[in-house]
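The structure under discussion appears below in the form of structure tokens.
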Amino acid sequence: MNKKGQHWLVQPKNISRLRVVFAVVLVLCVAAGFLVHQHVYFGVDGIFGFYAWFGLITCLLMIVVAKVIGIMIKRPDNYYDQQS
Amino acid sequence: MINLAPGLIMIAGGLLLPVIAKRFRNAVILALPVLVLVLIWLVPEGVVWSFTYLDYELIPLKGTGVGKLFATVFAVMAFAGALYGLHQARLFELCAAYVYAGSAIGVTFCGDVISLFVFWEIMAIASTAVIWAAGTDSAYRASMRYLLLHLFGGVLLMVGFAGQVAETGSIAFGQMQADSLSRWLILAGFLINAGAPPFSAWIADAYPEGSPSGTVFLSAFTTKTAVYVLLVGFPGTAVLVPVGLYMIFYGIIYALLENDMRRILAYSIVNQVGFMVTGIGLGTEMALNGVASHAFAHIIYKALLLMSAGAVLYQTGKRKCTDLGGLFQSMPVTTICGIIGALAISSFPFTSGFISKSMISQSAADQHLAVVWFLLMAASAGVFLHAGIKFPWYVFFQKDSGLRPADPPWNMRIAMWLFAFLCIALGVYPAPLYALLPFPVDYEPYTAAHLVGQFQLLLFAGLAFFLMLPQMKRTLTISLDFDWFYRRFGAAVAGEFTIKTFSARDGLEIRVRKGIARLISGLYRHHGPKGILSQSWPVGSMVFAVVVLLGAYLIFYYL
């Protein structure tokens with residue numbers, strides 16, 4: 001902890017450092033794709049960095065779909081407590 | 001000695017707990033699951049105990065490899081759950097949990113459908129009691145909804161079993177094809193307990209209402225016994241693949257929308273059981289191995305996640321992500337154990353999820369099922385999204401909520417360390433688990449290609465989470481689900497029609513009341529203190545009556 005009593009993990013300068021570390025790990029992880037040979041089952045999964053971009057795109061998609069569905073089905077959390 | 005059914009011992013132990021002297025009770029609570037585990041491993045292969053009842057040969061104890069695998073993890077779970085709740089849970093909850101665990105173990109040793117049904121129903125009642133033990137009004141109501149649904153599932157199962165026995169004359173429980181109405185009903189009864197659509201809502205409705213330790217127990221048994229009976233009864237049933245995939249994405253979407261930390265984890269139970277149901281539908285040896293090992297691993301990491309959530313609830317009394325955050329500063333043990341559970345559920349390399357779930361997706365690839373494989377890959381990334389990051393992030397990090405609770409008491413910490421250790425141990429050294437699987441394992445999880453692929457998938461899922469963080473802001477909401485039909489729609493229909501029946505009943509009641517009042521006042525008029533029939537008559541009138549009578553007698557005599 002520093003003089004402000006903040007945990008090192010929540011100090012702004014360390015957060016930006018963590019961002020850099022995360023970016024480096026992501027790059028290394030994709031670069032490791034050069035070193036290994038992925039077994040290709042369906043063609044598309046043979047494109048370079050398939051698992052990386054597939055994971056990213058599908059996750060973004062899932063969040064968007066959840067948001068859209070959420071517009072319809074979200075209710076205040078005391079919904080069932082109110083007398084119908 | 002060998003004939004002792006482990007499930008029945010566990011149930012009997014649970015029922016006897018309250019009469020055991022207090023100073024021995026904790027020792028008995030911890031020793032019982034260990035004893036049961038030993039008994040499980042003493043059960044030899046094949047039929048051990050059978051007896052004739054009403055012309056049927058019941059087989060309550062039959063040793064099978066896959067049954068023992070499930071029974072083992074159930075016993076381990078009972079031990080860790082009891083350790084976790086040793087000083088915190090009510091005695092009633094521990095008793096119910098042991099009966100619950102015992103009936104789940106009982107199911108895994110059943111050789112016939114009648115004894116299976118008996119254990120199945122004990123499980124439904126005991127699990128209801130576990131929810132009930134939380135002691136809150138909302139837990140009571142949730143437990144009643146839960147019980148109604150499970151009794152409905154039990155009815156389907158009973159009808160299916162009865163039809164099956166009528167058709168084939170056999171009560172044996174084994175592999176079936178979904179080719180007749182009764183088989184479909186059996187399948188439906190099993191699937192309700194697995195949380196399949198449309199009845200997926202009960203898991204997120206009922207389980208998070210349990211006490212901190214109650215929810216840990218609840219997460220383990222009901223859905224995984226359903227996986228066990230599906231694995232034994234319906235391997236390779238094609239319809240299970242779309243059902244499982246639906247459950248997977250249902251779990252992800254609802255967990256992403258959820259604000260209650262334990263509901264997030266409840267939705268992810270549906271998601272994880274979806275992987276298992278899909279694997280059962282694929283039905284290859286590798287897929288079924290994947291299902292069995294994934295069920296084993298899942299019970300442990302899911303219990304660990306709910307233990308860490310339970311620790312937060314126990315220490316803070318709060319369960320909503322909007323109220324939590326920043327707890328890592330004062331709860332390091334809970335945070336680390338929660339993160340280990342989160343990594344394991346996400347199939348992170350060197351955790352138990354990595355060595356089990358990948359067998360299911362691998363078998364989809366081997367069968368060249370492109371759509372299934374792509375969906376499973378997306379789902380694996382989605383698990384990291386909704387449980388792997390979302391749970392620890394919103395509970396232990398995100399904003400600082402200002403809460404500074406300490407780590408939970410020692411027994412809760414030890415239970416968490418134990419399961420955290422198992423999550424990593426199974427991931428690093430999967431050989432003992434692989435040796436227990438129903439088929440010989442021809443799979444090597446730790447190849448460079450698999451490691452790189454999995455790291456890419458998960459880390460970029462993590463990137464997606466942090467890119468979309470502003471969109472993921474928690475709101476004080478719940479999400480409507482199929483249970484709306486029986487909680488709101490059904491109530492509204494009933495309410496609508498009772499407006500008429502109520503007034504009709506009212507009119508009837510008024511008339512009946514008036515009739516009764518008339519009857520009473522009539523009785524009062526004639527028999528009351530001033531009633532004509534209850535007055536005392538003067539002696540003179542009596543004499544007069546006698547004279548008339550005698551006179552009449554005289555007249556008749558002369559006639």
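In the structure tokens, the first chain shown is A, the next is B, and so on; residue numbers restart at 1 for each chain, and ligands run from 1 in the order shown.
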
Counting only C-alpha atoms, chain B residues within 8 Å of chain A, as number ranges by chain
B: 253-254, 256-257, 329, 365, 368, 370, 377-378, 381-382, 385, 448-450, 452-461, 463-465, 468, 476-481, 487-488, 491-492

Could you save those same residues with C-alpha atoms as a CSV table (one decimal), in the first residue's frame?
chain,number,residue,atom,x,y,z
B,253,ILE,CA,-27.0,-15.1,-22.1
B,254,TYR,CA,-28.8,-15.2,-18.8
B,256,LEU,CA,-24.5,-12.1,-18.7
B,257,LEU,CA,-27.7,-10.3,-17.8
B,329,GLN,CA,-8.2,-6.4,-0.5
B,365,ALA,CA,-14.5,-32.5,-34.5
B,368,HIS,CA,-17.1,-33.7,-38.5
B,370,ALA,CA,-19.0,-28.5,-38.0
B,377,MET,CA,-15.8,-23.4,-29.3
B,378,ALA,CA,-17.8,-20.1,-29.1
B,381,ALA,CA,-15.1,-18.6,-24.9
B,382,GLY,CA,-18.5,-17.6,-23.6
B,385,LEU,CA,-16.9,-14.4,-20.4
B,448,ALA,CA,1.2,-27.5,-27.9
B,449,ALA,CA,-1.5,-26.9,-30.4
B,450,HIS,CA,-4.3,-27.4,-27.9
B,452,VAL,CA,-2.0,-22.3,-27.8
B,453,GLY,CA,-5.5,-22.6,-29.2
B,454,GLN,CA,-7.1,-22.6,-25.8
B,455,PHE,CA,-5.0,-19.6,-24.6
B,456,GLN,CA,-5.9,-17.7,-27.7
B,457,LEU,CA,-9.6,-18.5,-27.3
B,458,LEU,CA,-9.8,-17.6,-23.6
B,459,LEU,CA,-7.5,-14.5,-23.6
B,460,PHE,CA,-9.4,-12.9,-26.5
B,461,ALA,CA,-12.7,-13.7,-24.8
B,463,LEU,CA,-10.3,-8.9,-24.3
B,464,ALA,CA,-13.9,-8.9,-25.5
B,465,PHE,CA,-15.1,-8.6,-21.8
B,468,MET,CA,-17.3,-4.1,-23.7
B,476,LEU,CA,-30.8,-3.9,-10.5
B,477,THR,CA,-32.8,-6.3,-12.7
B,478,ILE,CA,-33.8,-9.9,-13.0
B,479,SER,CA,-34.5,-11.5,-16.4
B,480,LEU,CA,-37.8,-13.1,-17.2
B,481,ASP,CA,-37.8,-16.8,-17.9
B,487,ARG,CA,-45.5,-17.4,-11.4
B,488,ARG,CA,-47.3,-14.6,-13.2
B,491,ALA,CA,-51.5,-16.6,-11.2
B,492,ALA,CA,-53.2,-14.0,-13.5

Near region 214-228 of chain B, counting only C-alpha atoms, which residues have an atom at most 6 Å away, once you skip same-chain residues fewer than 6 positions from it, shown as a VMD selection string?
chain B and resid 130 190 193 to 194 207 299 303 306

Please report, as a ChimeraX atom specification, each residue of chain A to which DSSP assigns helix (DSSP H, G or I) when run on this structure's backbone.
/A:8-10,12-34,44-46,50-73,79-81

For CA of Thr128 (chain B) and CA of Ser211 (chain B), quote the distance in Å rounded to one decimal.
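So the answer is 12.4 Å.
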
Please provide as an MDAnalysis selection string all residues within 12 Å of Val229 (chain B), with the sequence filter that same-chain residues fewer than 4 positions apart are discarded (counting only C-alpha atoms).
chainID B and resid 66:67 70 104:113 116:117 120 157 173:176 186:191 193:194 222:225 233:235 276:277 280 291:292

Which residues, written as a ChimeraX atom specification, have at least one atom at most 12 Å from Asp323 (chain B), with only C-alpha atoms counted and residues fewer than 2 positions away on the same chain left out?
/B:259-261,312-313,316-321,325-327,394-403,474-476

For a test of reading the model, state the distance in Å between CA of Pro438 (chain B) and CA of Ile11 (chain B), rounded to one decimal.
26.7 Å

For a quick check of understanding, using only C-alpha atoms, which of B:Ala5, B:Val118, B:Ala435, B:Ala238 has the smallest distance to Gly63 (chain B)?
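Counting only C-alpha atoms, the residue closest to Gly63 (chain B) is B:Ala5.
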
Just the residues within 12 Å of Asp137 (chain B), please, counting only C-alpha atoms, with nothing from its chain fewer than 5 positions along; format it as a list of chain:residue names.
A:Asp81, B:Ile131, B:Trp132, B:Ala142, B:Ser143, B:Met144, B:Glu209, B:Gly210

What would the file look like if the residues just selected were written as a short mmCIF file (atom, residue, chain, number, x, y, z; two decimals), in the first residue's frame with N, CA and C atoms?
data_model
loop_
_atom_site.label_atom_id
_atom_site.label_comp_id
_atom_site.auth_asym_id
_atom_site.auth_seq_id
_atom_site.Cartn_x
_atom_site.Cartn_y
_atom_site.Cartn_z
N ASP A 81 -41.94 -9.73 -6.37
CA ASP A 81 -42.38 -9.43 -5.00
C ASP A 81 -43.65 -8.60 -4.99
N ILE B 131 -33.11 -26.26 0.66
CA ILE B 131 -33.43 -24.86 0.32
C ILE B 131 -34.19 -24.23 1.49
N TRP B 132 -35.15 -24.96 1.98
CA TRP B 132 -36.00 -24.52 3.07
C TRP B 132 -35.18 -24.12 4.29
N ALA B 142 -39.50 -20.23 -2.87
CA ALA B 142 -38.72 -20.83 -3.97
C ALA B 142 -38.68 -22.34 -3.83
N SER B 143 -38.58 -22.84 -2.58
CA SER B 143 -38.50 -24.28 -2.39
C SER B 143 -39.81 -24.96 -2.79
N MET B 144 -40.94 -24.27 -2.58
CA MET B 144 -42.22 -24.85 -2.98
C MET B 144 -42.35 -24.89 -4.50
N GLU B 209 -31.40 -19.27 -3.46
CA GLU B 209 -32.13 -18.92 -2.24
C GLU B 209 -31.64 -19.73 -1.05
N GLY B 210 -30.81 -20.74 -1.28
CA GLY B 210 -30.28 -21.54 -0.18
C GLY B 210 -29.35 -20.73 0.71
#

If you measure from CA of Leu91 (chain B) to CA of Gly13 (chain B), what distance in Å do you get, rounded to one decimal?
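Distance reported for this atom pair: 12.7 Å.
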
Can you tell me which residues surround Ser180 (chain B) at a distance of at most 12 Å, considering only C-alpha atoms, apart from same-chain residues fewer than 2 positions away, and format the answer as a PyMOL selection string?
chain B and resi 160-161+163-164+167-168+176-178+182-187
